[in-house]
Structures are given as C-alpha cells and as structure tokens.
$ cat protein25.txt   # compact mmCIF, C-alpha atoms
# COMPACT_ATOMS: atom_id res chain seq x y z
CA MET W 1 213.39 35.19 -29.07
CA GLY W 2 211.94 35.20 -25.57
CA PRO W 3 210.64 38.18 -23.58
CA ASP W 4 213.68 38.05 -21.27
CA ASP W 5 215.89 38.93 -24.23
CA LEU W 6 214.02 42.20 -24.69
CA ARG W 7 214.08 43.34 -21.07
CA ARG W 8 217.24 43.76 -19.04
CA THR W 9 217.45 45.22 -15.55
CA PHE W 10 220.75 46.42 -14.09
CA GLU W 11 221.42 46.94 -10.41
CA ALA W 12 222.07 50.43 -9.12
CA VAL W 13 225.62 51.62 -9.66
CA PRO W 14 227.25 52.55 -6.35
CA ALA W 15 228.50 56.04 -5.65
CA ARG W 16 231.80 56.93 -7.22
CA THR W 17 234.22 59.84 -7.30
CA SER W 18 235.07 61.45 -10.61
CA ALA W 19 237.51 64.28 -11.09
CA GLU W 20 236.32 67.58 -12.48
CA GLY W 21 236.62 67.57 -16.26
CA GLU W 22 237.05 63.78 -16.39
CA PRO W 23 234.88 62.07 -19.05
CA PHE W 24 232.03 60.23 -17.35
CA ALA W 25 232.29 57.24 -19.70
CA ALA W 26 235.44 55.33 -20.57
CA SER W 27 234.56 54.00 -24.04
CA TRP W 28 234.24 56.13 -27.15
CA TRP W 29 230.63 54.97 -27.65
CA GLY W 30 229.78 55.73 -24.02
CA ARG W 31 231.18 59.23 -24.49
CA ALA W 32 229.17 59.57 -27.71
CA TRP W 33 226.05 58.83 -25.65
CA VAL W 34 227.00 61.57 -23.19
CA ASP W 35 227.65 63.94 -26.10
CA ALA W 36 224.10 63.34 -27.34
CA LEU W 37 222.77 64.16 -23.87
CA GLU W 38 224.80 67.35 -23.67
CA THR W 39 223.63 68.39 -27.13
CA LEU W 40 220.01 67.78 -26.09
CA SER W 41 220.32 69.93 -22.97
CA MET W 42 220.44 73.71 -23.00
CA ASP W 43 221.19 73.97 -19.27
CA GLU W 44 224.69 73.15 -18.05
CA ALA W 45 223.57 73.53 -14.42
CA ARG W 46 221.00 70.74 -14.78
CA LEU W 47 223.60 68.51 -16.43
CA ALA W 48 226.07 69.18 -13.62
CA ARG W 49 223.40 68.38 -11.03
CA GLY W 50 222.46 65.20 -12.88
CA ARG W 51 226.08 64.10 -13.01
CA ALA W 52 226.38 64.73 -9.28
CA TYR W 53 223.28 62.57 -8.68
CA ALA W 54 224.84 59.81 -10.77
CA ASP W 55 228.19 60.12 -8.96
CA ASP W 56 226.39 59.94 -5.60
CA GLY W 57 224.63 56.68 -6.52
CA GLN W 58 221.13 58.21 -6.50
CA VAL W 59 219.97 56.29 -9.58
CA ALA W 60 218.21 53.04 -8.66
CA ALA W 61 218.08 49.90 -10.84
CA ILE W 62 217.86 50.67 -14.56
CA THR W 63 215.52 48.74 -16.87
CA VAL W 64 216.24 48.72 -20.59
CA THR W 65 213.68 47.63 -23.20
CA PRO W 66 213.45 48.40 -26.93
CA GLY W 67 213.21 52.15 -27.29
CA ARG W 68 213.17 52.93 -23.58
CA VAL W 69 215.38 53.29 -20.47
CA VAL W 70 213.67 53.72 -17.09
CA ALA W 71 214.86 54.14 -13.48
CA TYR W 72 213.81 55.72 -10.20
CA VAL W 73 216.10 58.58 -9.20
CA HIS W 74 216.37 59.91 -5.65
CA GLY W 75 216.21 63.68 -5.54
CA SER W 76 215.62 66.27 -2.83
CA ARG W 77 212.36 64.64 -1.69
CA ALA W 78 211.90 61.38 0.18
CA ARG W 79 210.01 59.75 -2.67
CA PRO W 80 212.10 59.05 -5.80
CA TYR W 81 211.07 60.24 -9.23
CA ARG W 82 210.50 57.99 -12.21
CA ALA W 83 212.85 59.11 -14.96
CA GLU W 84 212.46 57.80 -18.49
CA LEU W 85 214.33 58.23 -21.73
CA ARG W 86 212.88 57.10 -25.05
CA LEU W 87 215.10 56.32 -28.01
CA ARG W 88 214.18 55.82 -31.66
CA THR W 89 214.30 52.14 -32.69
CA PHE W 90 215.30 50.74 -36.08
CA ALA W 91 212.81 49.36 -38.60
CA ASP W 92 213.52 45.97 -40.20
CA PRO W 93 215.38 47.43 -43.23
CA GLY W 94 217.70 49.26 -40.86
CA TRP W 95 218.45 46.06 -38.99
CA GLU W 96 219.17 44.25 -42.25
CA THR W 97 221.68 46.96 -43.14
CA LEU W 98 223.33 46.77 -39.72
CA LEU W 99 223.51 42.96 -39.72
CA ASP W 100 225.02 43.01 -43.21
CA ALA W 101 227.66 45.45 -41.96
CA VAL W 102 228.54 43.16 -39.03
CA ALA W 103 228.58 39.99 -41.13
CA ALA W 104 230.76 41.57 -43.83
CA ARG W 105 233.75 41.71 -41.47
CA PRO W 106 234.36 38.89 -38.96
CA GLY W 107 236.23 41.33 -36.74
CA HIS W 108 233.02 43.26 -36.10
CA LEU W 109 231.32 40.24 -34.51
CA SER W 110 234.45 39.33 -32.57
CA ALA W 111 234.56 42.85 -31.18
CA LEU W 112 230.90 42.80 -30.15
CA LEU W 113 231.36 39.46 -28.40
CA ALA W 114 234.29 41.03 -26.56
CA LYS W 115 231.93 43.86 -25.52
CA GLU W 116 233.55 46.38 -27.85
CA MET W 117 231.94 48.66 -30.42
CA PRO W 118 234.22 49.11 -33.46
CA HIS W 119 234.46 52.60 -34.92
CA SER W 120 234.36 51.02 -38.37
CA LEU W 121 231.02 49.31 -37.67
CA ALA W 122 229.32 52.52 -36.56
CA ARG W 123 230.83 54.39 -39.53
CA THR W 124 229.83 51.73 -42.08
CA ALA W 125 226.27 51.58 -40.72
CA GLU W 126 225.94 55.38 -40.78
CA GLU W 127 227.21 55.53 -44.37
CA ALA W 128 224.41 53.06 -45.22
CA GLY W 129 221.84 55.31 -43.55
CA VAL W 130 221.64 53.65 -40.10
CA ARG W 131 222.83 55.87 -37.25
CA LEU W 132 223.71 53.47 -34.48
CA LEU W 133 224.84 56.04 -31.92
CA PRO W 134 222.17 58.55 -30.92
CA ALA W 135 221.95 62.21 -31.72
CA ALA W 136 219.94 64.70 -29.70
CA ASP W 137 216.89 64.30 -31.91
CA ASP W 138 216.81 60.56 -31.12
CA LEU W 139 216.27 61.15 -27.37
CA ASP W 140 212.93 61.94 -25.74
CA PRO W 141 213.18 62.49 -21.94
CA SER W 142 210.36 62.52 -19.36
CA CYS W 143 210.15 62.50 -15.56
CA THR W 144 207.53 62.61 -12.80
CA CYS W 145 209.25 65.58 -11.15
CA PRO W 146 207.79 69.11 -11.49
CA ASP W 147 210.86 70.35 -13.38
CA HIS W 148 210.10 70.83 -17.09
CA GLY W 149 213.75 70.95 -18.14
CA ARG W 150 214.67 68.95 -21.17
CA PRO W 151 216.12 66.92 -19.67
CA CYS W 152 215.64 67.52 -15.97
CA LYS W 153 218.45 66.61 -13.58
CA HIS W 154 216.88 63.21 -12.82
CA VAL W 155 216.82 62.15 -16.46
CA ALA W 156 220.31 63.57 -16.86
CA ALA W 157 221.45 61.35 -13.98
CA LEU W 158 219.81 58.36 -15.67
CA CYS W 159 221.60 59.19 -18.92
CA PHE W 160 224.98 59.42 -17.22
CA GLN W 161 224.49 56.05 -15.54
CA THR W 162 223.31 54.55 -18.83
CA ALA W 163 226.65 55.59 -20.35
CA LEU W 164 228.36 53.32 -17.80
CA LEU W 165 226.12 50.42 -18.89
CA LEU W 166 227.12 51.04 -22.49
CA ASP W 167 230.78 51.09 -21.46
CA SER W 168 230.56 47.50 -20.27
CA ASP W 169 228.18 46.10 -22.91
CA PRO W 170 227.37 47.67 -26.31
CA PHE W 171 224.54 45.15 -26.73
CA VAL W 172 222.62 47.44 -24.34
CA LEU W 173 222.62 50.08 -27.08
CA LEU W 174 221.44 47.51 -29.63
CA LEU W 175 218.61 46.53 -27.27
CA MET W 176 217.60 50.18 -27.00
CA ARG W 177 217.52 50.24 -30.79
CA GLY W 178 215.04 47.36 -30.79
CA ARG W 179 216.64 43.89 -30.71
CA GLY W 180 218.08 41.65 -28.01
CA GLU W 181 221.50 40.04 -27.95
CA ARG W 182 220.26 36.46 -28.51
CA GLU W 183 218.17 37.41 -31.53
CA LEU W 184 221.06 39.32 -33.08
CA LEU W 185 223.56 36.51 -32.55
CA ASP W 186 221.14 33.98 -34.05
CA ALA W 187 220.63 36.20 -37.10
CA LEU W 188 224.37 36.63 -37.55
CA ALA W 189 224.93 32.87 -37.23
CA ARG W 190 222.42 32.28 -40.03
CA ARG W 191 224.11 34.87 -42.21
CA ASN W 192 227.52 33.31 -41.64
CA ALA W 193 226.18 29.84 -42.49
CA GLU W 194 224.60 31.12 -45.71
CA HIS W 195 227.81 32.93 -46.66
CA SER W 196 229.89 29.81 -46.02
CA ALA W 197 227.53 27.72 -48.15
CA ARG W 198 227.86 30.17 -51.05
CA GLU W 199 231.64 30.24 -50.77
CA ARG W 200 232.09 26.46 -50.48
CA PRO W 201 233.26 24.96 -53.85
CA ALA W 202 230.91 22.48 -55.52
CA ALA W 203 231.85 18.80 -55.15
CA PRO W 204 233.34 17.29 -58.34
CA ALA W 205 231.00 15.15 -60.42
CA MET W 206 231.41 11.42 -59.76
CA PRO W 207 231.42 8.97 -62.71
CA SER W 208 228.18 7.05 -62.94
CA VAL W 209 226.55 4.18 -64.86
CA ALA W 210 222.94 4.14 -65.96
CA ALA W 211 220.84 1.65 -64.02
CA GLY W 212 219.67 -0.05 -67.24
CA ASP W 213 223.25 -0.69 -68.27
CA ALA W 214 224.22 -1.95 -64.86
CA PHE W 215 221.50 -4.62 -64.79
CA ALA W 216 221.46 -5.58 -68.49
CA ALA W 217 221.99 -9.31 -69.31
CA ARG W 218 225.51 -10.05 -70.48
CA PHE W 219 226.67 -12.96 -72.73
CA LEU W 220 230.27 -13.69 -71.89
CA PRO W 221 232.59 -16.14 -73.79
CA PRO W 222 233.32 -19.51 -72.10
CA LEU W 223 236.21 -19.66 -69.68
CA PRO W 224 239.53 -21.00 -71.08
CA ALA W 225 240.60 -24.59 -70.35
CA PRO W 226 242.56 -25.06 -67.16
CA ARG W 227 246.34 -24.94 -67.46
CA PRO W 228 248.16 -28.31 -67.20
CA LEU W 229 249.80 -29.15 -63.89

$ encode --input "protein25.txt" --output "structure tokens"
Amino acid sequence: MGPDDLRRTFEAVPARTSAEGEPFAASWWGRAWVDALETLSMDEARLARGRAYADDGQVAAITVTPGRVVAYVHGSRARPYRAELRLRTFADPGWETLLDAVAARPGHLSALLAKEMPHSLARTAEEAGVRLLPAADDLDPSCTCPDHGRPCKHVAALCFQTALLLDSDPFVLLLMRGRGERELLDALARRNAEHSARERPAAPAMPSVAAGDAFAARFLPPLPAPRPL
C-alpha cells in the first residue's frame, strides 16, 4: 500500500444546472450522503446556499484522505475559504467484517469493480455492526470562514460536490472510511484465494511402494529354454 493509494485529488466539477427539487446525486448511496448532510444541518437556507455554490462550480479541487475531505470554496470574498469535513474511519475489526461481507458474495465485488454500491452489501455490513454510509453523527465540519453554522454554506457546497464523486466511484467512500482501493482489492484477492483452497477437493492418494522394498535384492528363477525354430 503506497501513499498515493490513501490520497486522491479530484478536479473541480464545472458549473451545472439542476432543477428545483431534483436530487443532487444520482446514485442511492450518493443521495444517502446528502441525507446525512441534511440531517446534520439545522438551517435549510445554508444548505440551499451551499447547493447553489456547488451548482455554480465554486468548489475547487477536492482532496480525499482517510477520515477527511478538503477543498477551497469560493464565497463572497476574493479569497476562497478552506472547507473541511471529517468522517469517522473504521477500526481493523470493522474492516474485517466488511471484507467478509464482500467476499461472501462474488456479486458484491463485481458491483464495486463496476463502480456500484450494492444495497445488500451496505445492509449486510450494517447488520454486522459496520455502518458504511454515514449518519449525521459521523460528520464533523469545519471552515476558515467566520460563519459558525454547522455546517456553513462552504462545507455544505463541499458535501454536495462530494456526493457527485461518490456517484461515480464508491471506493471514494471506502477511502474516507480508512482504506484505499488497491489495499482493499489485494485483501479481497487473498480472501478469495484462501476460500478457493478450502473448497478445492483433496487429491486422491496415489499407490506407493516403500523404498526398502523397491531396492531389495531379488532372486528370480532361471529363464526357460529357447523355443525350437
């Protein structure tokens, strides 16, 4: 696992037009991320302003590392603000549970490789005590702006744009939770190899001869006389 696997930077998303009432994210897990943001916030006006910032392309490049999402967001002043969102990461036992859930069904890994997040994977992990998708108490926002809203409109804009990243690649969410894509795929490959080895039937026993018997001196009877012509 190299350092590049634990740090991903995404270029700024250009401005876009979204209809009023239209979900900001297309995928169910992207919308779940937005739901967590909306549950965290107590101010609909700040959320609306943050969504407008995101729609207008005011969020610069986003950097994702374990437990943290950071970007500069252009606001009303000339100098952008540094918005940051911290997210609770999983401990090793949580990762073991999640990896077991993925390895138990080949379709889960196939879906992840296709940049999809199966409902069944998130549900199975949560039933085992690992909440893959965030809730409001998982998110900790901060910003260099003077607004003390939780979150302020700049962090809200960052959250909306992060939902678009999750739409296109659920491994971004797994990185936020603490592990990079390469490390996870390597761990799943090892699990699959171990599972295949356990499931492979044992080779049948081959007949054998003791070495002492094989090399023991033998006294054979004389050959018969040759047959007449």

$ closest_residue --input "protein25.txt" --among "W:Asp5, W:Asp35, W:Glu22, W:Asp138" --to "Thr65 in chain W" --atoms "all atoms listed in the file"
W:Asp5

$ residues_around --input "protein25.txt" --residues "range 185-192 of chain W" --least-positions-apart "6" --cutoff "10 Å" --atoms "all atoms listed in the file" --output "short mmCIF file (atom, residue, chain, number, x, y, z; two decimals) with C-alpha atoms, in the frame of the given file"
data_model
loop_
_atom_site.label_atom_id
_atom_site.label_comp_id
_atom_site.auth_asym_id
_atom_site.auth_seq_id
_atom_site.Cartn_x
_atom_site.Cartn_y
_atom_site.Cartn_z
CA MET W 1 213.39 35.19 -29.07
CA GLU W 96 219.17 44.25 -42.25
CA LEU W 99 223.51 42.96 -39.72
CA ASP W 100 225.02 43.01 -43.21
CA VAL W 102 228.54 43.16 -39.03
CA ALA W 103 228.58 39.99 -41.13
CA ALA W 104 230.76 41.57 -43.83
CA PRO W 106 234.36 38.89 -38.96
CA LEU W 109 231.32 40.24 -34.51
CA LEU W 112 230.90 42.80 -30.15
CA LEU W 113 231.36 39.46 -28.40
CA ARG W 198 227.86 30.17 -51.05
#

$ closest_residue --input "protein25.txt" --among "W:Leu175, W:Ala45, W:Ala25, W:Ala125" --to "Val69 in chain W" --atoms "only C-alpha atoms"
W:Leu175

$ closest_residue --input "protein25.txt" --among "W:Pro66, W:Pro226, W:Pro14, W:Gly94" --to "Glu127 in chain W" --atoms "only C-alpha atoms"
W:Gly94

$ axis_aligned_box --input "protein25.txt" --around "range 130-141 of chain W" --padding-each-side "5 Å" --output "AutoDock Vina command-line options"
--center_x 218.9 --center_y 59.1 --center_z -31.0 --size_x 21.9 --size_y 21.2 --size_z 28.2

$ residues_around --input "protein25.txt" --residues "range 50-53 of chain W" --least-positions-apart "2" --cutoff "7 Å" --atoms "only C-alpha atoms" --output "PyMOL selection string"
chain W and resi 46-48+55-58+153-154+156-157+160

$ write_last_selection --input "protein25.txt" --atoms "C-alpha atoms" --output "PDB file, in the frame of the given file"
ATOM      1  CA  ARG W  46     221.000  70.740 -14.780  1.00  0.00           C
ATOM      2  CA  LEU W  47     223.600  68.510 -16.430  1.00  0.00           C
ATOM      3  CA  ALA W  48     226.070  69.180 -13.620  1.00  0.00           C
ATOM      4  CA  ASP W  55     228.190  60.120  -8.960  1.00  0.00           C
ATOM      5  CA  ASP W  56     226.390  59.940  -5.600  1.00  0.00           C
ATOM      6  CA  GLY W  57     224.630  56.680  -6.520  1.00  0.00           C
ATOM      7  CA  GLN W  58     221.130  58.210  -6.500  1.00  0.00           C
ATOM      8  CA  LYS W 153     218.450  66.610 -13.580  1.00  0.00           C
ATOM      9  CA  HIS W 154     216.880  63.210 -12.820  1.00  0.00           C
ATOM     10  CA  ALA W 156     220.310  63.570 -16.860  1.00  0.00           C
ATOM     11  CA  ALA W 157     221.450  61.350 -13.980  1.00  0.00           C
ATOM     12  CA  PHE W 160     224.980  59.420 -17.220  1.00  0.00           C
TER      13      PHE W 160
END

$ residues_around --input "protein25.txt" --residues "Cys145 in chain W" --least-positions-apart "2" --cutoff "6 Å" --atoms "only C-alpha atoms" --output "PyMOL selection string"
chain W and resi 81+143+147

$ atom_distance --input "protein25.txt" --atom1 "CA of Val70 in chain W" --atom2 "CA of Asp140 in chain W"
12.0 Å

$ closest_residue --input "protein25.txt" --among "W:Leu184, W:Ala135, W:Cys159, W:Val130" --to "Phe90 in chain W" --atoms "all atoms listed in the file"
W:Val130

$ atom_distance --input "protein25.txt" --atom1 "CA of Leu85 in chain W" --atom2 "CA of Ala101 in chain W"
27.4 Å

$ closest_residue --input "protein25.txt" --among "W:Phe10, W:Trp28, W:Tyr72, W:Trp33" --to "Pro118 in chain W" --atoms "only C-alpha atoms"
W:Trp28

$ atom_distance --input "protein25.txt" --atom1 "CA of Arg68 in chain W" --atom2 "CA of Gly178 in chain W"
9.3 Å

$ residues_around --input "protein25.txt" --residues "range 41-44 of chain W" --least-positions-apart "5" --cutoff "9 Å" --atoms "all atoms listed in the file" --output "ChimeraX atom specification"
/W:36,49,136,149-152,156

$ closest_residue --input "protein25.txt" --among "W:Gly30, W:Gly67, W:Pro170, W:Pro228" --to "Glu116 in chain W" --atoms "all atoms listed in the file"
W:Pro170
